[in-house]
Amino acid sequence: MNHIQHVVVPGTFDPVTLGHADVISRARHLFTRVTVAVAESRTKLGVGTAFTLDERVEMLREALDEQGVSQLGGVQVLPFTGLLVDFCREQGAGGVVKGLRAMTDFEYELQQADLNAHLAPDIESVFVMSNPGYGYVSSSIVRELASLGSDVVNTLVPACVASRLKERFAEA
Ligand code: PNS
């Protein structure tokens, strides 16, 4: 039996937070290769994103450099459209890693994992518990704080993302 070497960490990353960077880093400590998959749109809510797909990919690459995750090696960031399980197969990844914060994440994540298991029983879903220090951090909270002009965002996202948020919400 082959062990899983390569996993995908998917998300909308609108924008990437320190919580995401922590999950990606931990996925890389568990597996040899990690592909961070940036979804085109936020299908979950059916609404647009604050940052374009290209911007979200670029911010992730910069954030992973800044947080020292890129230097672990074996980490790449790619955009994706369509089904996550198809993307995993194209990339030759055997699993999906996601972070879990509170119970409220669990139901949503379980539903997605069950659906993915139905679509592709060969792709494993793996969950890591969020670092408790980032339990309350989410992209939507970050966007809300940024839109209100709060400097607290600087403690929730990498510095390169904080400056992009400042620019984006100053424009709005
Ligand atoms: O940042 P999020 O909202 O947790 O990311 C959700 C994402 C992008 C992982 C999920 O919506 C997804 O996998 N979308 C791709 C379409 C798909 O495969 N849907 C079926 C599984 S839910």
# chains A, B, ... in the order shown; residues from 1 in each chain; ligands from 1
>>> residues_near_ligand(ligand="ligand 1", cutoff="6 Å", atoms="only C-alpha atoms and all ligand atoms", output="PDB file with C-alpha atoms, in the first residue's frame")
ATOM      1  CA  PRO A  10      -7.910  24.163  -1.046  1.00  0.00           C
ATOM      2  CA  GLY A  11      -9.726  27.384  -0.261  1.00  0.00           C
ATOM      3  CA  THR A  12     -10.941  30.728  -1.474  1.00  0.00           C
ATOM      4  CA  PHE A  13      -8.219  32.588   0.471  1.00  0.00           C
ATOM      5  CA  ALA A  39     -10.659  28.407  -5.948  1.00  0.00           C
ATOM      6  CA  THR A  43     -19.318  29.210  -4.542  1.00  0.00           C
ATOM      7  CA  LYS A  44     -20.227  28.629  -0.887  1.00  0.00           C
ATOM      8  CA  GLY A  82     -14.141  23.067 -11.418  1.00  0.00           C
ATOM      9  CA  LEU A  83     -14.283  20.177  -9.014  1.00  0.00           C
ATOM     10  CA  LEU A  84     -11.661  19.881  -6.308  1.00  0.00           C
ATOM     11  CA  GLN A 112     -17.857  18.677   1.661  1.00  0.00           C
ATOM     12  CA  ASN A 116     -15.794  14.474  -2.203  1.00  0.00           C
TER      13      ASN A 116
END
>>> select_by_dssp(residues="stretch 9-172 of chain A", states="strand (DSSP E)", output="PDB file with C-alpha atoms, in the first residue's frame")
ATOM      1  CA  VAL A   9      -4.926  22.479   0.660  1.00  0.00           C
ATOM      2  CA  PRO A  10      -7.910  24.163  -1.046  1.00  0.00           C
ATOM      3  CA  GLY A  11      -9.726  27.384  -0.261  1.00  0.00           C
ATOM      4  CA  ARG A  33       4.341  17.870  -1.190  1.00  0.00           C
ATOM      5  CA  VAL A  34       1.585  20.423  -0.721  1.00  0.00           C
ATOM      6  CA  THR A  35      -0.338  22.143  -3.495  1.00  0.00           C
ATOM      7  CA  VAL A  36      -2.333  25.113  -2.273  1.00  0.00           C
ATOM      8  CA  ALA A  37      -5.385  25.322  -4.553  1.00  0.00           C
ATOM      9  CA  VAL A  38      -7.034  28.725  -4.852  1.00  0.00           C
ATOM     10  CA  ALA A  39     -10.659  28.407  -5.948  1.00  0.00           C
ATOM     11  CA  VAL A  75       4.960  23.793  -1.588  1.00  0.00           C
ATOM     12  CA  GLN A  76       3.282  25.301  -4.663  1.00  0.00           C
ATOM     13  CA  VAL A  77       0.294  27.604  -5.119  1.00  0.00           C
ATOM     14  CA  LEU A  78      -2.021  27.165  -8.117  1.00  0.00           C
ATOM     15  CA  PRO A  79      -5.421  28.526  -9.145  1.00  0.00           C
ATOM     16  CA  PHE A  80      -8.211  26.044  -9.870  1.00  0.00           C
ATOM     17  CA  GLY A  95      -5.619  13.806  -0.245  1.00  0.00           C
ATOM     18  CA  VAL A  96      -7.134  17.113   0.781  1.00  0.00           C
ATOM     19  CA  VAL A  97      -6.081  18.875   3.994  1.00  0.00           C
ATOM     20  CA  LYS A  98      -8.270  21.462   5.688  1.00  0.00           C
ATOM     21  CA  GLY A  99      -8.164  23.228   9.039  1.00  0.00           C
ATOM     22  CA  LEU A 100     -10.977  22.927  11.566  1.00  0.00           C
ATOM     23  CA  GLU A 124      -8.630  11.092   1.414  1.00  0.00           C
ATOM     24  CA  SER A 125      -9.855  14.063   3.494  1.00  0.00           C
ATOM     25  CA  VAL A 126      -7.541  14.999   6.348  1.00  0.00           C
ATOM     26  CA  PHE A 127      -8.296  17.638   8.988  1.00  0.00           C
ATOM     27  CA  VAL A 128      -5.900  19.483  11.240  1.00  0.00           C
ATOM     28  CA  MET A 129      -7.162  21.344  14.293  1.00  0.00           C
TER      29      MET A 129
END
>>> residues_around(residues="stretch 89-92 of chain A", least_positions_apart="2", cutoff="10 Å", atoms="only C-alpha atoms", output="PDB file with all heavy atoms, in the first residue's frame")
ATOM      1  N   GLN A   5       1.735  11.038  -0.367  1.00  0.00           N
ATOM      2  CA  GLN A   5       2.900  11.936  -0.310  1.00  0.00           C
ATOM      3  C   GLN A   5       2.485  13.383  -0.559  1.00  0.00           C
ATOM      4  O   GLN A   5       3.087  14.302  -0.046  1.00  0.00           O
ATOM      5  CB  GLN A   5       3.902  11.575  -1.431  1.00  0.00           C
ATOM      6  CG  GLN A   5       4.292  10.137  -1.504  1.00  0.00           C
ATOM      7  CD  GLN A   5       5.494   9.834  -0.630  1.00  0.00           C
ATOM      8  OE1 GLN A   5       6.083  10.752  -0.052  1.00  0.00           O
ATOM      9  NE2 GLN A   5       5.850   8.573  -0.512  1.00  0.00           N
ATOM     10  N   HIS A   6       1.483  13.502  -1.439  1.00  0.00           N
ATOM     11  CA  HIS A   6       1.131  14.825  -1.969  1.00  0.00           C
ATOM     12  C   HIS A   6      -0.328  15.138  -1.628  1.00  0.00           C
ATOM     13  O   HIS A   6      -1.209  14.328  -1.922  1.00  0.00           O
ATOM     14  CB  HIS A   6       1.350  14.774  -3.500  1.00  0.00           C
ATOM     15  CG  HIS A   6       1.043  16.041  -4.220  1.00  0.00           C
ATOM     16  ND1 HIS A   6       0.979  16.101  -5.597  1.00  0.00           N
ATOM     17  CD2 HIS A   6       0.772  17.294  -3.791  1.00  0.00           C
ATOM     18  CE1 HIS A   6       0.687  17.331  -5.964  1.00  0.00           C
ATOM     19  NE2 HIS A   6       0.565  18.078  -4.886  1.00  0.00           N
ATOM     20  N   VAL A   7      -0.546  16.299  -1.013  1.00  0.00           N
ATOM     21  CA  VAL A   7      -1.917  16.705  -0.679  1.00  0.00           C
ATOM     22  C   VAL A   7      -2.216  18.097  -1.234  1.00  0.00           C
ATOM     23  O   VAL A   7      -1.310  18.875  -1.514  1.00  0.00           O
ATOM     24  CB  VAL A   7      -2.170  16.731   0.852  1.00  0.00           C
ATOM     25  CG1 VAL A   7      -2.179  15.333   1.434  1.00  0.00           C
ATOM     26  CG2 VAL A   7      -1.172  17.644   1.568  1.00  0.00           C
ATOM     27  N   VAL A   8      -3.510  18.367  -1.342  1.00  0.00           N
ATOM     28  CA  VAL A   8      -3.977  19.685  -1.767  1.00  0.00           C
ATOM     29  C   VAL A   8      -4.595  20.387  -0.546  1.00  0.00           C
ATOM     30  O   VAL A   8      -5.342  19.764   0.213  1.00  0.00           O
ATOM     31  CB  VAL A   8      -5.022  19.538  -2.901  1.00  0.00           C
ATOM     32  CG1 VAL A   8      -5.800  20.827  -3.114  1.00  0.00           C
ATOM     33  CG2 VAL A   8      -4.330  19.111  -4.198  1.00  0.00           C
ATOM     34  N   THR A  35       0.120  21.188  -2.489  1.00  0.00           N
ATOM     35  CA  THR A  35      -0.338  22.143  -3.495  1.00  0.00           C
ATOM     36  C   THR A  35      -1.488  22.940  -2.889  1.00  0.00           C
ATOM     37  O   THR A  35      -2.503  22.364  -2.491  1.00  0.00           O
ATOM     38  CB  THR A  35      -0.804  21.424  -4.773  1.00  0.00           C
ATOM     39  OG1 THR A  35       0.316  20.723  -5.323  1.00  0.00           O
ATOM     40  CG2 THR A  35      -1.336  22.410  -5.811  1.00  0.00           C
ATOM     41  N   LEU A  84     -12.900  20.060  -7.060  1.00  0.00           N
ATOM     42  CA  LEU A  84     -11.661  19.881  -6.308  1.00  0.00           C
ATOM     43  C   LEU A  84     -11.060  18.486  -6.544  1.00  0.00           C
ATOM     44  O   LEU A  84      -9.847  18.348  -6.717  1.00  0.00           O
ATOM     45  CB  LEU A  84     -11.961  20.092  -4.815  1.00  0.00           C
ATOM     46  CG  LEU A  84     -10.821  19.872  -3.855  1.00  0.00           C
ATOM     47  CD1 LEU A  84      -9.677  20.833  -4.134  1.00  0.00           C
ATOM     48  CD2 LEU A  84     -11.309  20.028  -2.414  1.00  0.00           C
ATOM     49  N   VAL A  85     -11.911  17.475  -6.572  1.00  0.00           N
ATOM     50  CA  VAL A  85     -11.373  16.109  -6.730  1.00  0.00           C
ATOM     51  C   VAL A  85     -10.723  15.921  -8.111  1.00  0.00           C
ATOM     52  O   VAL A  85      -9.738  15.193  -8.240  1.00  0.00           O
ATOM     53  CB  VAL A  85     -12.443  15.008  -6.466  1.00  0.00           C
ATOM     54  CG1 VAL A  85     -12.812  14.971  -4.987  1.00  0.00           C
ATOM     55  CG2 VAL A  85     -13.662  15.177  -7.350  1.00  0.00           C
ATOM     56  N   ASP A  86     -11.263  16.601  -9.134  1.00  0.00           N
ATOM     57  CA  ASP A  86     -10.648  16.529 -10.471  1.00  0.00           C
ATOM     58  C   ASP A  86      -9.273  17.182 -10.447  1.00  0.00           C
ATOM     59  O   ASP A  86      -8.308  16.680 -11.029  1.00  0.00           O
ATOM     60  CB  ASP A  86     -11.526  17.230 -11.525  1.00  0.00           C
ATOM     61  CG  ASP A  86     -12.818  16.483 -11.792  1.00  0.00           C
ATOM     62  OD1 ASP A  86     -12.879  15.282 -11.443  1.00  0.00           O
ATOM     63  OD2 ASP A  86     -13.757  17.088 -12.333  1.00  0.00           O
ATOM     64  N   PHE A  87      -9.194  18.325  -9.738  1.00  0.00           N
ATOM     65  CA  PHE A  87      -7.909  19.034  -9.618  1.00  0.00           C
ATOM     66  C   PHE A  87      -6.898  18.136  -8.885  1.00  0.00           C
ATOM     67  O   PHE A  87      -5.738  18.037  -9.296  1.00  0.00           O
ATOM     68  CB  PHE A  87      -8.119  20.359  -8.871  1.00  0.00           C
ATOM     69  CG  PHE A  87      -6.853  21.133  -8.661  1.00  0.00           C
ATOM     70  CD1 PHE A  87      -6.315  21.890  -9.687  1.00  0.00           C
ATOM     71  CD2 PHE A  87      -6.189  21.091  -7.441  1.00  0.00           C
ATOM     72  CE1 PHE A  87      -5.125  22.603  -9.501  1.00  0.00           C
ATOM     73  CE2 PHE A  87      -5.004  21.796  -7.245  1.00  0.00           C
ATOM     74  CZ  PHE A  87      -4.469  22.546  -8.278  1.00  0.00           C
ATOM     75  N   GLY A  94      -3.108  12.696  -3.394  1.00  0.00           N
ATOM     76  CA  GLY A  94      -3.933  11.620  -2.834  1.00  0.00           C
ATOM     77  C   GLY A  94      -4.864  12.077  -1.723  1.00  0.00           C
ATOM     78  O   GLY A  94      -5.638  11.280  -1.192  1.00  0.00           O
ATOM     79  N   GLY A  95      -4.777  13.353  -1.347  1.00  0.00           N
ATOM     80  CA  GLY A  95      -5.619  13.806  -0.245  1.00  0.00           C
ATOM     81  C   GLY A  95      -5.825  15.297  -0.241  1.00  0.00           C
ATOM     82  O   GLY A  95      -5.146  16.051  -0.944  1.00  0.00           O
ATOM     83  N   ALA A 120     -15.064  10.801  -5.337  1.00  0.00           N
ATOM     84  CA  ALA A 120     -13.726  10.216  -5.531  1.00  0.00           C
ATOM     85  C   ALA A 120     -13.287   9.494  -4.253  1.00  0.00           C
ATOM     86  O   ALA A 120     -12.591  10.074  -3.415  1.00  0.00           O
ATOM     87  CB  ALA A 120     -12.725  11.318  -5.884  1.00  0.00           C
ATOM     88  N   ASP A 122     -11.095   7.500  -3.710  1.00  0.00           N
ATOM     89  CA  ASP A 122      -9.636   7.323  -3.608  1.00  0.00           C
ATOM     90  C   ASP A 122      -8.934   8.551  -3.034  1.00  0.00           C
ATOM     91  O   ASP A 122      -7.748   8.497  -2.714  1.00  0.00           O
ATOM     92  CB  ASP A 122      -9.049   6.995  -4.991  1.00  0.00           C
ATOM     93  CG  ASP A 122      -9.470   8.006  -6.055  1.00  0.00           C
ATOM     94  OD1 ASP A 122     -10.685   8.344  -6.111  1.00  0.00           O
ATOM     95  OD2 ASP A 122      -8.611   8.477  -6.810  1.00  0.00           O
ATOM     96  N   ILE A 123      -9.636   9.674  -2.924  1.00  0.00           N
ATOM     97  CA  ILE A 123      -9.010  10.900  -2.382  1.00  0.00           C
ATOM     98  C   ILE A 123      -9.400  11.022  -0.895  1.00  0.00           C
ATOM     99  O   ILE A 123     -10.584  11.074  -0.564  1.00  0.00           O
ATOM    100  CB  ILE A 123      -9.487  12.168  -3.136  1.00  0.00           C
ATOM    101  CG1 ILE A 123      -9.341  11.994  -4.651  1.00  0.00           C
ATOM    102  CG2 ILE A 123      -8.808  13.426  -2.587  1.00  0.00           C
ATOM    103  CD1 ILE A 123      -8.106  12.490  -5.284  1.00  0.00           C
TER     104      ILE A 123
END
>>> select_by_dssp(residues="chain A", states="alpha helix (DSSP H)", output="PyMOL selection string")
chain A and resi 18-30+53-66+84-91+103-119+139-147+159-171
>>> closest_atom_pairs(of="stretch 37-95 of chain A", to="stretch 156-160 of chain A", cutoff="8 Å", atoms="only C-alpha atoms", output="Markdown table")
| residue | atom | partner | partner_atom | distance |
| --- | --- | --- | --- | --- |
| A:Met59 | CA | A:Cys160 | CA | 7.3 |
| A:Glu62 | CA | A:Cys160 | CA | 6.9 |
| A:Ala63 | CA | A:Pro158 | CA | 5.9 |
| A:Glu66 | CA | A:Pro158 | CA | 7.3 |
| A:Gln67 | CA | A:Pro158 | CA | 7.4 |
>>> closest_residue(among="A:Gly149, A:Gly74, A:Gly48, A:Gly19", to="A:Gly135", atoms="only C-alpha atoms")
A:Gly19
>>> closest_residue(among="A:Cys88, A:Ala21, A:Ala27, A:Ala50", to="A:Glu144", atoms="only C-alpha atoms")
A:Ala50
>>> atom_distance(atom1="atom CA of A:Tyr134", atom2="atom CA of A:Leu18")
7.3 Å
>>> atom_distance(atom1="atom CA of A:Ala170", atom2="atom CA of A:Pro15")
15.9 Å
>>> atom_distance(atom1="atom CA of A:Ser138", atom2="atom CA of A:His29")
22.4 Å
>>> closest_residue(among="A:Thr49, A:Val152, A:Ala93, A:Val142", to="A:Leu165", atoms="only C-alpha atoms")
A:Val142
